[in-house]
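Asks: Here you go, upload-v9.txt (compact mmCIF, C-alpha atoms and all ligand atoms):
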```
# COMPACT_ATOMS: atom_id res chain seq x y z
CA MET X 1 -3.12 20.44 20.72
CA LEU X 2 -3.24 16.75 21.60
CA ALA X 3 -4.10 14.30 18.86
CA ILE X 4 -5.54 11.74 21.27
CA SER X 5 -6.36 11.97 24.93
CA VAL X 6 -7.71 8.85 26.63
CA LYS X 7 -8.54 8.60 30.30
CA ASN X 8 -9.46 5.43 32.16
CA LEU X 9 -10.95 3.64 29.18
CA ASN X 10 -12.71 0.35 29.82
CA VAL X 11 -14.36 -1.77 27.16
CA SER X 12 -15.93 -5.18 27.69
CA TYR X 13 -17.77 -7.80 25.67
CA HIS X 14 -20.49 -9.63 27.59
CA GLY X 15 -18.90 -8.70 30.91
CA ASP X 16 -15.35 -9.68 29.89
CA GLU X 17 -12.97 -6.74 30.01
CA ALA X 18 -11.06 -6.51 26.72
CA VAL X 19 -9.56 -3.07 27.44
CA LYS X 20 -8.91 -2.11 31.02
CA ASP X 21 -8.16 1.30 32.50
CA ILE X 22 -6.16 2.64 29.57
CA SER X 23 -4.95 6.24 29.71
CA PHE X 24 -2.50 8.08 27.46
CA SER X 25 -2.02 11.36 25.64
CA LEU X 26 -0.51 11.56 22.20
CA GLU X 27 0.76 14.65 20.37
CA THR X 28 0.19 15.19 16.64
CA GLY X 29 2.88 14.20 14.15
CA ASN X 30 3.56 10.73 15.50
CA LEU X 31 3.60 7.32 13.84
CA VAL X 32 2.52 5.03 16.65
CA GLY X 33 2.53 1.25 16.79
CA VAL X 34 -0.04 -0.50 18.96
CA ILE X 35 1.60 -3.78 19.93
CA GLY X 36 0.63 -6.71 22.10
CA PRO X 37 -0.21 -10.41 21.65
CA ASN X 38 -3.27 -11.85 19.95
CA GLY X 39 -6.42 -11.02 21.88
CA ALA X 40 -4.71 -8.15 23.76
CA GLY X 41 -7.51 -5.76 22.87
CA LYS X 42 -5.66 -3.79 20.17
CA SER X 43 -8.52 -3.79 17.67
CA THR X 44 -10.96 -3.12 20.48
CA LEU X 45 -8.94 -0.07 21.54
CA LEU X 46 -9.00 1.29 17.98
CA LYS X 47 -12.73 0.74 17.62
CA ALA X 48 -13.41 2.36 20.97
CA LEU X 49 -11.30 5.40 20.02
CA LEU X 50 -13.39 5.65 16.86
CA ASN X 51 -16.61 5.24 18.83
CA LEU X 52 -17.54 2.23 16.70
CA ILE X 53 -18.22 0.18 19.83
CA PRO X 54 -19.57 1.29 23.20
CA LYS X 55 -17.25 1.84 26.13
CA ASP X 56 -18.06 1.04 29.76
CA LYS X 57 -16.34 4.12 30.98
CA GLY X 58 -13.62 6.56 30.10
CA ASP X 59 -13.06 9.84 28.39
CA ILE X 60 -11.82 10.09 24.81
CA GLN X 61 -10.90 13.28 23.00
CA ILE X 62 -9.51 13.46 19.48
CA PHE X 63 -7.99 16.82 18.56
CA ASP X 64 -9.71 18.23 21.65
CA HIS X 65 -13.12 17.15 20.35
CA ALA X 66 -15.57 14.33 20.78
CA ILE X 67 -15.02 11.92 17.91
CA ARG X 68 -18.50 12.46 16.46
CA ASP X 69 -17.66 16.12 15.78
CA ILE X 70 -14.53 15.42 13.74
CA ARG X 71 -15.12 12.02 12.25
CA LYS X 72 -14.32 13.14 8.72
CA LYS X 73 -10.82 14.14 9.85
CA ILE X 74 -10.11 10.51 10.73
CA ALA X 75 -9.52 7.66 8.31
CA TYR X 76 -9.87 4.06 9.45
CA VAL X 77 -8.58 0.98 7.64
CA PRO X 78 -10.00 -2.09 9.43
CA GLN X 79 -8.31 -5.47 9.63
CA ARG X 80 -8.46 -7.10 6.18
CA SER X 81 -10.45 -9.99 7.62
CA GLU X 82 -13.26 -7.58 8.55
CA ILE X 83 -13.78 -6.35 5.00
CA ASP X 84 -16.17 -8.05 2.58
CA TRP X 85 -13.86 -8.55 -0.40
CA ASP X 86 -16.70 -10.06 -2.47
CA PHE X 87 -18.47 -6.73 -2.44
CA PRO X 88 -18.78 -5.80 -6.12
CA ILE X 89 -16.84 -2.56 -6.41
CA THR X 90 -13.95 -1.48 -8.62
CA VAL X 91 -10.68 -0.18 -7.26
CA ILE X 92 -11.30 3.41 -8.37
CA ASP X 93 -14.82 3.45 -6.89
CA ALA X 94 -13.49 2.11 -3.60
CA VAL X 95 -10.98 4.96 -3.50
CA LEU X 96 -13.66 7.49 -4.48
CA ILE X 97 -15.61 6.55 -1.35
CA GLY X 98 -12.79 8.20 0.54
CA THR X 99 -13.86 11.56 -0.89
CA TYR X 100 -17.47 11.26 0.34
CA PRO X 101 -17.00 12.66 3.85
CA ASN X 102 -15.83 15.93 2.33
CA LEU X 103 -18.70 16.25 -0.15
CA ARG X 104 -21.79 18.34 0.58
CA LEU X 105 -25.08 16.63 1.29
CA PHE X 106 -26.34 14.89 -1.89
CA GLN X 107 -23.25 16.00 -3.81
CA ARG X 108 -21.82 13.29 -6.04
CA PRO X 109 -18.09 12.97 -6.61
CA GLY X 110 -17.25 14.91 -9.78
CA LYS X 111 -14.24 15.40 -12.06
CA GLN X 112 -12.18 16.94 -9.31
CA GLU X 113 -12.79 14.08 -6.88
CA LYS X 114 -12.08 11.51 -9.58
CA ALA X 115 -8.79 13.19 -10.49
CA TRP X 116 -7.84 13.23 -6.81
CA ALA X 117 -8.78 9.57 -6.40
CA TYR X 118 -6.51 8.68 -9.34
CA GLN X 119 -3.70 10.68 -7.74
CA CYS X 120 -4.14 8.69 -4.54
CA LEU X 121 -4.07 5.43 -6.52
CA GLU X 122 -0.90 6.57 -8.21
CA LYS X 123 0.70 7.27 -4.85
CA VAL X 124 0.20 3.64 -3.79
CA GLY X 125 1.28 2.36 -7.24
CA MET X 126 -2.13 0.92 -8.21
CA THR X 127 -3.19 3.07 -11.18
CA GLU X 128 -3.10 0.19 -13.65
CA PHE X 129 -5.62 -1.75 -11.55
CA SER X 130 -8.21 1.04 -11.34
CA ASN X 131 -10.95 -0.93 -13.10
CA ARG X 132 -10.39 -4.26 -11.34
CA GLN X 133 -12.83 -5.62 -8.81
CA ILE X 134 -11.32 -5.35 -5.32
CA GLY X 135 -11.87 -9.09 -4.80
CA GLU X 136 -9.51 -9.88 -7.68
CA LEU X 137 -6.49 -8.26 -6.04
CA SER X 138 -3.73 -9.79 -3.94
CA GLY X 139 -3.60 -9.02 -0.23
CA GLY X 140 -0.91 -6.39 -0.70
CA GLN X 141 -2.81 -4.76 -3.55
CA GLN X 142 -6.02 -4.67 -1.49
CA GLN X 143 -4.21 -3.01 1.38
CA ARG X 144 -2.71 -0.41 -0.99
CA VAL X 145 -6.18 0.38 -2.32
CA PHE X 146 -7.53 0.87 1.19
CA LEU X 147 -4.63 3.14 2.00
CA ALA X 148 -5.44 5.11 -1.17
CA ARG X 149 -9.04 5.39 0.04
CA ALA X 150 -7.80 6.72 3.38
CA LEU X 151 -5.52 9.22 1.64
CA ALA X 152 -8.43 10.35 -0.55
CA GLN X 153 -10.23 11.48 2.57
CA LYS X 154 -7.45 14.00 3.34
CA PRO X 155 -7.63 13.17 7.04
CA ASP X 156 -5.49 14.49 9.89
CA MET X 157 -5.41 11.11 11.62
CA TYR X 158 -5.08 7.57 10.31
CA PHE X 159 -6.00 4.39 12.13
CA LEU X 160 -4.84 1.17 10.46
CA ASP X 161 -5.48 -2.25 11.94
CA GLU X 162 -2.81 -4.86 11.03
CA PRO X 163 -2.13 -3.37 7.58
CA PHE X 164 0.78 -5.73 6.90
CA VAL X 165 -0.92 -9.06 7.51
CA GLY X 166 -1.08 -11.13 4.30
CA VAL X 167 0.82 -8.44 2.41
CA ASP X 168 3.90 -8.90 0.19
CA LEU X 169 7.16 -7.18 1.15
CA GLY X 170 6.99 -4.64 -1.67
CA SER X 171 3.52 -3.48 -0.60
CA GLU X 172 4.63 -3.37 3.03
CA GLU X 173 7.55 -1.10 2.05
CA THR X 174 5.30 1.18 0.00
CA ILE X 175 2.75 1.42 2.80
CA ILE X 176 5.21 2.18 5.61
CA GLN X 177 6.98 4.79 3.46
CA ILE X 178 3.68 6.60 2.83
CA LEU X 179 2.75 6.41 6.52
CA LYS X 180 6.14 7.88 7.48
CA GLU X 181 5.61 10.64 4.94
CA MET X 182 2.19 11.41 6.47
CA ARG X 183 3.74 11.53 9.95
CA ASN X 184 6.51 13.84 8.70
CA SER X 185 3.90 16.21 7.31
CA GLY X 186 2.30 16.49 10.77
CA LYS X 187 -0.43 13.86 10.52
CA THR X 188 -1.05 11.39 13.31
CA VAL X 189 -0.86 7.72 12.35
CA VAL X 190 -1.83 4.85 14.65
CA VAL X 191 -1.08 1.33 13.44
CA VAL X 192 -1.99 -1.95 15.12
CA HIS X 193 0.87 -4.30 14.44
CA HIS X 194 1.77 -7.63 15.96
CA ASP X 195 5.17 -8.28 14.38
CA LEU X 196 7.66 -7.16 17.01
CA MET X 197 10.64 -7.57 14.69
CA LYS X 198 9.73 -4.48 12.67
CA ALA X 199 8.10 -2.44 15.42
CA SER X 200 11.24 -0.61 16.45
CA THR X 201 12.09 0.55 12.93
CA TYR X 202 8.60 1.39 11.72
CA PHE X 203 7.30 3.53 14.57
CA ASN X 204 8.59 6.43 16.64
CA LYS X 205 6.22 5.70 19.51
CA LEU X 206 4.70 2.52 20.87
CA ILE X 207 1.62 1.56 22.82
CA LEU X 208 2.30 -1.83 24.40
CA MET X 209 -0.79 -3.45 25.81
CA ASN X 210 -2.35 -6.63 27.04
CA ARG X 211 -5.80 -5.50 28.10
CA GLU X 212 -4.06 -3.00 30.35
CA LEU X 213 -1.52 -0.48 29.14
CA ILE X 214 1.95 -1.91 29.76
CA GLY X 215 4.08 0.70 28.07
CA PHE X 216 3.59 4.00 26.28
CA GLY X 217 6.29 6.26 24.92
CA SER X 218 9.28 6.29 22.60
CA VAL X 219 10.55 3.02 21.14
CA GLU X 220 13.51 3.14 23.58
CA GLU X 221 11.17 3.53 26.53
CA VAL X 222 8.78 0.75 25.57
CA PHE X 223 10.78 -1.81 23.61
CA ARG X 224 12.37 -3.27 26.75
CA PRO X 225 12.65 -6.99 27.58
CA ASP X 226 10.89 -6.59 30.94
CA LEU X 227 7.89 -4.78 29.46
CA LEU X 228 7.70 -7.09 26.44
CA ALA X 229 7.85 -10.13 28.70
CA LYS X 230 5.02 -8.70 30.79
CA ALA X 231 2.85 -8.15 27.70
CA TYR X 232 3.73 -11.37 25.91
CA LYS X 233 3.73 -13.59 28.98
CA GLY X 234 2.85 -17.07 27.78
CA HIS X 235 3.39 -16.25 24.12
CA PHE X 236 6.70 -18.06 23.99
CA ALA X 237 7.20 -18.06 20.23
CA PHE X 238 7.27 -14.27 20.22
CA MET X 239 9.72 -14.07 23.06
CA GLU X 240 12.07 -16.61 21.45
CA GLN X 241 11.98 -14.63 18.22
CA LEU X 242 13.29 -11.67 20.14
CA GLY X 243 15.82 -13.66 22.12
CA VAL X 244 14.16 -12.63 25.36
CA SER X 245 13.93 -15.24 28.11
CA VAL X 246 10.61 -15.44 29.90
P1 LIG V 1 -6.45 -8.02 19.30
O1 LIG V 1 -6.87 -7.08 18.21
O2 LIG V 1 -5.36 -7.47 20.16
O3 LIG V 1 -6.08 -9.38 18.78
P2 LIG V 1 -9.25 -7.87 20.06
O4 LIG V 1 -9.48 -6.45 20.40
O5 LIG V 1 -9.71 -8.32 18.73
O6 LIG V 1 -7.69 -8.22 20.27
O7 LIG V 1 -9.93 -8.80 21.15
C1 LIG V 1 -9.75 -8.64 22.54
C2 LIG V 1 -10.59 -9.63 23.28
O8 LIG V 1 -11.96 -9.35 23.08
C3 LIG V 1 -10.38 -11.07 22.82
O9 LIG V 1 -10.49 -11.90 23.93
C4 LIG V 1 -11.52 -11.29 21.85
O10 LIG V 1 -11.89 -12.64 21.80
C5 LIG V 1 -12.63 -10.45 22.45
N1 LIG V 1 -13.53 -9.90 21.42
C6 LIG V 1 -13.18 -9.12 20.38
N2 LIG V 1 -14.25 -8.78 19.63
C7 LIG V 1 -15.32 -9.34 20.23
C8 LIG V 1 -16.72 -9.38 19.95
N3 LIG V 1 -17.23 -8.71 18.91
N4 LIG V 1 -17.52 -10.06 20.81
C9 LIG V 1 -17.02 -10.72 21.87
N5 LIG V 1 -15.71 -10.75 22.18
C10 LIG V 1 -14.86 -10.06 21.39
MG MG V 2 -6.94 -7.29 16.18
```
Go through the file and emit its structure as structure tokens.

Replies:
Amino acid sequence: MLAISVKNLNVSYHGDEAVKDISFSLETGNLVGVIGPNGAGKSTLLKALLNLIPKDKGDIQIFDHAIRDIRKKIAYVPQRSEIDWDFPITVIDAVLIGTYPNLRLFQRPGKQEKAWAYQCLEKVGMTEFSNRQIGELSGGQQQRVFLARALAQKPDMYFLDEPFVGVDLGSEETIIQILKEMRNSGKTVVVVHHDLMKASTYFNKLILMNRELIGFGSVEEVFRPDLLAKAYKGHFAFMEQLGVSV
């Protein structure tokens, strides 16, 4: 069974193509990095895969299904900048929301769900903050809580958009270890990530894009100077960081 199958996906905003003719198939049990410069359409690709924004054309199947039929199997952690951190909710309640998709209609989370939510908080090392407001946490702590919420959903696929931006090193380590563990247990994890320095050690597969798909495959296949230069053309700082001449 394929985790994701995308054929000829196009997405545009007001007539401008943000994602252009993207096709790829991904097996389950991969930890995939979506890389490409700012404005490359990485977040747009994720949102289109999740059917959160309309596509112009293309065919998307997740686990051989239309996304609407298996939404609860998929957890999504948006970019931190897209979350309203002033929303008055405690850490434990934010994690509990992760259990909702698996509840029956009108069922409230009970003892079992609460115990599971605490277990998920423990996994990300945030138990002692359970009664804090989410707005009172550091960036790394917030990202851990949102990972705990994703874990609470018991999904088969995770989508995370730039989970390491504004996050301390310790949190980054914790998060990538958990994502690797999920991958090793057969889950599919897709992470938008713009820091090329870590890309080759964090992920076992890469999607390199700049509107169009520039590379897809193993790290060895994609993390090549020619492909990176094609994607990051004009983004000189990135290329210098890597020691690649443009
Ligand atoms: P990335 O995540 O790789 O930085 P995005 O997917 O956010 O890129 O954006 C791709 C392009 O689409 C950019 O040019 C961006 O300005 C544009 N874009 C993104 N979201 C919107 C939106 N809601 N309305 C109009 N244009 C958008
Ligand atoms: Mg983005």

Asks: Any idea what's packed within 10 Å of Phe129 (chain X), counting all atoms listed in the file, ignoring anything in its chain fewer than 4 positions away? Could you give it as JSON, numbers by chain?

Replies: {"X": [90, 91, 92, 121, 125, 133, 134, 136, 137, 141, 145]}

Asks: Which residues are near ligand MG 2 (chain V) in this structure, taking near to mean any atom at most 8 Å from a ligand atom and counting all atoms listed in the file? Format them as number ranges by chain.

Replies: X: 38-44, 79, 161-162, 192

Asks: What separation in Å, quoted to one decimal, exists between CA of Ser185 (chain X) and CA of Phe159 (chain X)?

Replies: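 CA of Phe159 (chain X) lies 16.2 Å from CA of Ser185 (chain X).
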
Asks: Give me, please, the distance in Å between CA of Gly110 (chain X) and CA of Ile97 (chain X), quoted to one decimal.

Replies: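 Distance between the two atoms: 12.0 Å.
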
Asks: Looking at X:Ser218, X:Gln107, X:Ser200, X:Ser171, which one is nearest to Leu26 (chain X), with distances taken over only C-alpha atoms?

Replies: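 Of X:Ser218, X:Gln107, X:Ser200, X:Ser171, the one nearest Leu26 (chain X) is X:Ser218, counting only C-alpha atoms.
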
Asks: Quick one: everything within 12 Å of Lys198 (chain X), counting all atoms listed in the file, minus sequence neighbours fewer than 6 positions away in the same chain. Send it as a list in words.

Replies: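 Contacts, with the query itself left out: Gly33, Ile35, Phe164, Glu172, Glu173, Ile176, Asn204, Leu206, Val219, Phe223, Gln241 and Leu242 of chain X.
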
Asks: Tell me which of X:Met157, X:Ala231, X:Ala117, X:Val191 sits closest to Leu45 (chain X), counting only C-alpha atoms.

Replies: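 Using only C-alpha atoms, the shortest distance to Leu45 (chain X) belongs to X:Val191.
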
Asks: If I wrap all listed atoms of region 174-188 of chain X in a box with edges along x, y and z and add 8 Å on each side, what are its centre and edge lengths in Å to one decimal, as JSON?

Replies:
```
{"center_x": 3.0, "center_y": 8.8, "center_z": 6.7, "size_x": 24.0, "size_y": 31.3, "size_z": 29.3}
```

Asks: Skip region 47-60 of chain X itself and residues of its chain fewer than 6 positions away, then list as a VMD selection string all residues within 12 Å of it, counting only C-alpha atoms.

Replies: chain X and resid 2 to 26 41 66 to 79 157 to 161 190 192

Asks: Provide the CA of Asn131 (chain X) to CA of Ile89 (chain X) distance in Å, to one decimal place.

Replies: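 That distance, rounded to one decimal, is 9.1 Å.
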
Asks: Calculated over only C-alpha atoms and all ligand atoms, which of the candidates X:Gly139, X:His193, X:Phe203, X:Asp86 has the smallest distance to ligand LIG 1 (chain V)?

Replies: X:His193

Asks: So that I can check the surroundings of Glu181 (chain X), please list as a list of chain:residue names every protein, DNA and RNA residue that reaches within 10 Å of it, counting only C-alpha atoms and ignoring chain neighbours fewer than 6 positions away.

Replies: X:Leu31, X:Ile175, X:Lys187

Asks: Using only C-alpha atoms and all ligand atoms, find the one residue out of X:Asn210, X:Thr99, X:Leu228, X:Thr188 that sits nearest to ligand LIG 1 (chain V).

Replies: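 Of X:Asn210, X:Thr99, X:Leu228, X:Thr188, the one nearest ligand LIG 1 (chain V) is X:Asn210, counting only C-alpha atoms and all ligand atoms.
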
Asks: Counting only C-alpha atoms, which of X:Phe106, X:Trp85, X:Phe63, X:Tyr202 gets nearest to Phe146 (chain X)?

Replies: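 Checking each candidate against Phe146 (chain X), we get X:Trp85 as the closest.
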
Asks: Would you mind telling me which residue in X:Gln112, X:Thr174, X:Thr28, X:Ser81 lies nearest to ligand LIG 1 (chain V) when using all atoms listed in the file?

Replies: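 Looking only at the distances to ligand LIG 1 (chain V), the closest residue turns out to be X:Ser81.
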